[in-house]
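Asker: Quick one: the structure is below, and I'll ask about it shortly.
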Amino acid sequence: MSDDRNTLSILVATDNHLGYLERDPIRGQDSFDAFSEILQLAQAYKVDMVLLGGDLFHDNKPSRKSLHQALSLLRKHCLGDKPVSIEYLSDPLVDFGSEFPNVNYEDPNINISLPVFSIHGNHDDPSGHGNLSAMDMLAISGFVNYFGKQAEIENIRVSPVLLRKGETRLALFGLGNIRDERLHRTIARKHMTMCQPSEDTDKWFNLMVLHQNRAAHGPKNHIPEHFLSDFLDLVIWGHEHQCMVDPEYNHQRAFYVSQPGSSVATSLSPGEAVAKHVALVKVNRRNFKIDKIRLKNVRPFVLEDVVLAQVPGLSPQSTEKEIVEYLRVRVEKLIAHAQTLYNVQLNKGSEVVEPALGAQPKPLVRVRVDYTGGFESFHPQRFGLLFADRVANPRDIVYFYRKPRSSSAATTDTRLARQGLANESAIPEPVDAVHVESLIGEFLDDASMHMLVDLELADAVRLFVQKGDTDAIVQSLKTTIDDTQKIILEQTLSELDINEKKLDEHIAKTRSMRRKKAVEDGKGLVVEMQSSRDASQPAKSSAAMDIAISKTNATTDQKGLSGGNTGFGNDSDYDSSDSGNDDEDDDDFRQAGEDLNLPKGRKSAAARQTKPSLTLASKRPRAGGRVAAKASEETDMPPPSLVARPSRNARSTLSAKQSSNDTKSESAQFSGSEAIASDSEESVEPTPVANRKRQRTAATTASTSHAPATKRGRGRGRGRGRGAMSLQHSSASNNSQLPVVNIDDNDSDNDFDGKDNSENSLEPTNASAFGRFSLRKR
């Protein structure tokens with residue numbers, strides 16, 4: 001592609017997460033350093049534009065500091081006198097739809113030298129009054145061309161941004177993040193329309209950027225690749241954090257997929273340990289080429305798995321001191337290995353970028369310890385004191401987990417429990433995973449608020465908590481009341497006599513209809529109660545909690561949205577254990593480490609071409625050269641874990657049982673706030689609605705002074721003008737019938753096989769399956 005006049009070059013990056021851990025004294029600038037390097041690379045490689053794939057900001061409402069630094073970087077690198085060589089051809093009202101509908105480099109009041117196009121992700125998605133986001137702020141300021149925002153989710157229409165450079169024509173499709181369940185249902189019902197230029201259809205290079213789950217975590221909470229239109233040439237996939245820049249060919253739909261991954265590690269998981277790159281996409285007519293560019297201003301991250309039962313010289317009888325000493329030696333080697341990897345990273349990075357982290361940055365280190373088999377765990381933060389001034393994450397270097405018990409053992413215990421042959425103090429009562437919607441449902445039943453829908457209210461709570469939308473709950477209630485009144489008035493126009501009983505029947509019918517729609521929209525499916533206890537802490541409270549944690553950690557090394565969007569277990573997409581670090585607290589923490597370690601150690605003047613006259617046309621035949629798909633490293637990522645805590649029903653039932661059995665065993669008594677888990681997977685039978693209220697007498701009995709039944713656990717110039725554009729509509733799938741989605745329900749976690757899938761591994765290992773890897777916000 002030496003024909004530069006006809007070659008359109010694009011620097012592609014996704015998931016920059018500006019503002020991640022901005023209060024951390026060590027890691028607070030990491031996201032800004034990486035984004036600054038991306039913009040420097042765009043200038044150094046003299047690209048025509050920058051394309052961002054969502055999650056530019058980590059928070060839905062970024063702090064003033066984060067917004068200020070982002071605007072500062074964009075102003076520094078995107079303003080200038082360099083002419084923009086790409087011609088904008090489509091309708092800005094359709095593409096951008098803002099108060100100032102124009103591509104920014106055609107605005108006579110702004111001197112843009114480096115155009116940036118971006119969609120939103122799940123972290124910086126529009127919400128609240130006005131349905132605005134931080135991306136709207138960047139767009140209104142003139143630094144970013146924000147596209148891909150949908151006004152209607154039930155009937156999606158994706159119109160391309162049409163660009164041209166010489167003889168190369170680019171149709172850029174963008175789809176900002178929509179909840180996966182909703183988008184999955186919309187596409188499956190063929191309610192998503194892809195608009196395509198019809199004149200000279202086969203001369204357009206069709207590129208799409210989206211921000212959704214690529215890996216399957218369930219039947220509908222991801223977007224299969226075959227859901228996308230087959231006239232596409234290249235798909236840029238955001239949201240997934242593992243770097244897989246090399247294009248992968250989809251044989252079913254005949255297009256390529258590139259996944260740049262994140263530019264900053266937001267979790268301590270194997271996918272984040274893969275070397276970070278950005279993609280340099282060069283398009284010439286119908287051909288394209290992708291080059292990987294290594295980022296050098298990325299904090300080194302190394303990860304290792306340790307199985308204590310396989311370590312020579314260690315046994316369940318080994319003391320804590322012996323285990324600590326073994327792990328200390330392993331961490332020492334990982335720190336040295338991290339420095340070696342960082343030196344390689346500096347050598348492979350671009351020479352035009354200055355190192356922002358220095359010569360010897362503090363690395364991220366994670367040791368995942370399997371202590372199955374009777375080994376004792378210890379406090380991870382106490383262990384972190386040994387490396388307080390040498391690593392960037394001293395609080396969570398070590399993560400303890402245990403492998404799940406076999407199904408046969410669980411079945412045996414369940415049978416014994418039912419037969420009454422097992423010791424009650426050894427087998428805790430069954431426990432439910434607590435969801436916000438379940439608690440809200442119980443409250444609405446108790447309070448007789450039959451007009452409200454639990455899933456809708458739970459979704460409003462999620463917006464309030466995760467997005468900081470203070471009007472979400474009030475708006476939800478207002479919408480509920482208005483919709484209910486409208487529906488009831490329509491249903492009762494012909495009825496002259498409306499009594500209270502009939503009104504209640506109409507309310508119940510309306511509520512049922514609205515709840516069914518809420519289920520279809522996927523509302524309330526990702527809201528979970530978060531544990532107040534740090535999951536990185538070893539299980540020291542009780543045998544029951546140990547069993548619950550071992551079950552939830554069996555398929556995940558994540559802390560249970562993430563990141564996520566999700567968060568999750570200890571290796572969350574957005575680790576709450578890190579987000580709490582403030583300067584004063586860390587200073588004290590590191591001072592303790594010092595005391596402990598004292599003995600050691602940014603329009604060309606080319607002739608104006610005639611704008612294309614576009615007419616409706618059918619789907620074009622496929623043509624054009626392709627690049628060879630390259631095998632990429634693949635890795636696993638399990639779904640989020642659930643918090644082991646009994647629901648109100650379970651607590652009431654357990655309290656009643658406890659009250660009746662307190663004479664059998666004093667050790668079986670527990671307080672009302674105590675969390676009790678079960679060895680078996682048997683669930684508590686739900687109590688009838690009429691009996692859902694707390695049993696105060698039993699609760700009072702259960703809150704006695706007796707000790708709980710616990711035991712120690714093993715524990716991103718101006719253009720030439722615009723031409724008229726007509727668009728051809730094609731369904732999202734182009735097939736009369738969508739193929740059956742192949743869902744992998746086998747969620748066994750290869751993270752626990754003792755192998756490291758990242759290139760930071762000390763030993764070469766086989767890559768694990770890609771199918772379940774995803775980093776999500778909680």
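If you're wondering about the labels, chains in the structure tokens are A, B, ... by order shown, residues count from 1 in each chain, ligands from 1 in order shown.
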Produce a table with one row for each residue of region 6-108 of chain A that has an atom at most 10 Å from any atom of region 375-398 of chain A, each row naming the nearest atom pair and its distance in Å at one decimal; use only C-alpha atoms; arrange rows by chain and rising residue number; format as CSV.
Answerer:
```
residue,atom,partner,partner_atom,distance
A:Asp24,CA,A:Ala392,CA,9.5
A:Pro25,CA,A:Ala392,CA,9.4
A:Ile26,CA,A:Ala392,CA,6.4
A:Arg27,CA,A:Ala392,CA,7.0
```
Asker: Set the distance at 7 Å and use only C-alpha atoms: which residues neighbour Val12 (chain A) once local chain neighbours fewer than 3 positions away are removed? I'd like the list as a PDB file with N, CA and C atoms, in the first residue's frame.
Answerer:
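What landed in selection.pdb:
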```pdb
ATOM      1  N   VAL A  50      -8.279   9.097  13.984  1.00  0.00           N
ATOM      2  CA  VAL A  50      -8.221   8.169  15.112  1.00  0.00           C
ATOM      3  C   VAL A  50      -9.624   7.634  15.350  1.00  0.00           C
ATOM      4  N   LEU A  51      -9.746   6.347  15.555  1.00  0.00           N
ATOM      5  CA  LEU A  51     -11.038   5.706  15.811  1.00  0.00           C
ATOM      6  C   LEU A  51     -10.990   5.055  17.188  1.00  0.00           C
ATOM      7  N   LEU A  52     -11.910   5.455  18.071  1.00  0.00           N
ATOM      8  CA  LEU A  52     -11.988   4.903  19.420  1.00  0.00           C
ATOM      9  C   LEU A  52     -13.228   4.025  19.541  1.00  0.00           C
ATOM     10  N   VAL A 278      -1.994  -1.100  19.940  1.00  0.00           N
ATOM     11  CA  VAL A 278      -3.048  -0.418  19.187  1.00  0.00           C
ATOM     12  C   VAL A 278      -2.929  -0.865  17.740  1.00  0.00           C
ATOM     13  N   ALA A 279      -3.986  -0.664  16.964  1.00  0.00           N
ATOM     14  CA  ALA A 279      -4.014  -1.135  15.576  1.00  0.00           C
ATOM     15  C   ALA A 279      -3.874   0.031  14.606  1.00  0.00           C
ATOM     16  N   LEU A 280      -2.981  -0.116  13.647  1.00  0.00           N
ATOM     17  CA  LEU A 280      -2.845   0.843  12.551  1.00  0.00           C
ATOM     18  C   LEU A 280      -3.471   0.211  11.321  1.00  0.00           C
TER      19      LEU A 280
END
```
Asker: Compile the contact shell of Ala139 (chain A) as a ChimeraX atom specification: residues with an atom at most 9 Å away, counting only C-alpha atoms, same-chain residues fewer than 6 positions apart removed.
Answerer: /A:96,98,104,145-146
Asker: Create the file for the chosen residues now, containing N, CA, C and O atoms and written as a PDB file, in the first residue's frame.
Answerer:
```
ATOM      1  N   PHE A  96     -24.305  12.653  13.532  1.00  0.00           N
ATOM      2  CA  PHE A  96     -23.934  13.200  14.834  1.00  0.00           C
ATOM      3  C   PHE A  96     -25.125  13.738  15.612  1.00  0.00           C
ATOM      4  O   PHE A  96     -25.177  13.587  16.829  1.00  0.00           O
ATOM      5  N   SER A  98     -26.023  16.428  16.917  1.00  0.00           N
ATOM      6  CA  SER A  98     -25.832  17.304  18.058  1.00  0.00           C
ATOM      7  C   SER A  98     -26.346  18.709  17.750  1.00  0.00           C
ATOM      8  O   SER A  98     -26.893  18.974  16.679  1.00  0.00           O
ATOM      9  N   ASN A 104     -16.111  17.855  12.861  1.00  0.00           N
ATOM     10  CA  ASN A 104     -15.379  18.954  13.505  1.00  0.00           C
ATOM     11  C   ASN A 104     -14.339  19.613  12.605  1.00  0.00           C
ATOM     12  O   ASN A 104     -14.105  20.815  12.706  1.00  0.00           O
ATOM     13  N   ASN A 145     -15.683  13.576  17.191  1.00  0.00           N
ATOM     14  CA  ASN A 145     -16.872  13.310  16.381  1.00  0.00           C
ATOM     15  C   ASN A 145     -17.559  12.077  16.974  1.00  0.00           C
ATOM     16  O   ASN A 145     -17.153  10.942  16.732  1.00  0.00           O
ATOM     17  N   TYR A 146     -18.577  12.305  17.779  1.00  0.00           N
ATOM     18  CA  TYR A 146     -19.262  11.241  18.504  1.00  0.00           C
ATOM     19  C   TYR A 146     -20.425  10.711  17.674  1.00  0.00           C
ATOM     20  O   TYR A 146     -21.368  11.438  17.372  1.00  0.00           O
TER      21      TYR A 146
END
```
Asker: Report as a PyMOL selection string all protein, DNA and RNA residues lying within 10 Å of Val367 (chain A), evaluated on only C-alpha atoms, omitting residues in the same chain fewer than 6 positions from it.
Answerer: chain A and resi 268+302-306+327+330-331+334+396-400
Asker: Could you write out the selected residues, including N, CA and C atoms, as a JSON list (two decimals), in the first residue's frame?
Answerer:
```
[["chain", "number", "residue", "atom", "x", "y", "z"],
["A", 268, "LEU", "N", -6.76, -7.73, 37.58],
["A", 268, "LEU", "CA", -5.58, -8.58, 37.70],
["A", 268, "LEU", "C", -5.94, -9.97, 37.20],
["A", 302, "VAL", "N", 2.62, -9.11, 35.72],
["A", 302, "VAL", "CA", 2.95, -10.53, 35.67],
["A", 302, "VAL", "C", 2.01, -11.29, 36.58],
["A", 303, "LEU", "N", 1.72, -12.51, 36.20],
["A", 303, "LEU", "CA", 0.76, -13.32, 36.92],
["A", 303, "LEU", "C", 1.23, -14.76, 36.95],
["A", 304, "GLU", "N", 1.00, -15.42, 38.05],
["A", 304, "GLU", "CA", 1.40, -16.82, 38.20],
["A", 304, "GLU", "C", 0.41, -17.58, 39.06],
["A", 305, "ASP", "N", 0.24, -18.85, 38.76],
["A", 305, "ASP", "CA", -0.62, -19.72, 39.55],
["A", 305, "ASP", "C", 0.24, -20.66, 40.39],
["A", 306, "VAL", "N", -0.14, -20.84, 41.62],
["A", 306, "VAL", "CA", 0.57, -21.74, 42.53],
["A", 306, "VAL", "C", -0.43, -22.70, 43.15],
["A", 327, "LEU", "N", 6.07, -18.26, 49.00],
["A", 327, "LEU", "CA", 5.41, -17.27, 48.15],
["A", 327, "LEU", "C", 6.25, -16.01, 48.01],
["A", 330, "ARG", "N", 8.67, -16.61, 45.29],
["A", 330, "ARG", "CA", 8.01, -16.58, 43.98],
["A", 330, "ARG", "C", 7.75, -15.13, 43.55],
["A", 331, "VAL", "N", 7.33, -14.27, 44.46],
["A", 331, "VAL", "CA", 7.05, -12.87, 44.14],
["A", 331, "VAL", "C", 8.34, -12.15, 43.77],
["A", 334, "LEU", "N", 9.01, -12.95, 40.25],
["A", 334, "LEU", "CA", 8.06, -12.29, 39.37],
["A", 334, "LEU", "C", 8.42, -10.81, 39.19],
["A", 396, "ASP", "N", -3.12, -6.58, 47.20],
["A", 396, "ASP", "CA", -3.73, -7.80, 46.66],
["A", 396, "ASP", "C", -2.77, -8.56, 45.75],
["A", 397, "ILE", "N", -1.57, -8.75, 46.21],
["A", 397, "ILE", "CA", -0.61, -9.57, 45.46],
["A", 397, "ILE", "C", -1.07, -11.02, 45.43],
["A", 398, "VAL", "N", -1.48, -11.50, 46.58],
["A", 398, "VAL", "CA", -1.88, -12.90, 46.70],
["A", 398, "VAL", "C", -3.40, -13.01, 46.68],
["A", 399, "TYR", "N", -3.88, -14.00, 45.96],
["A", 399, "TYR", "CA", -5.32, -14.30, 45.91],
["A", 399, "TYR", "C", -5.51, -15.79, 46.19],
["A", 400, "PHE", "N", -6.19, -16.10, 47.27],
["A", 400, "PHE", "CA", -6.42, -17.49, 47.65],
["A", 400, "PHE", "C", -7.75, -17.98, 47.08]]
```
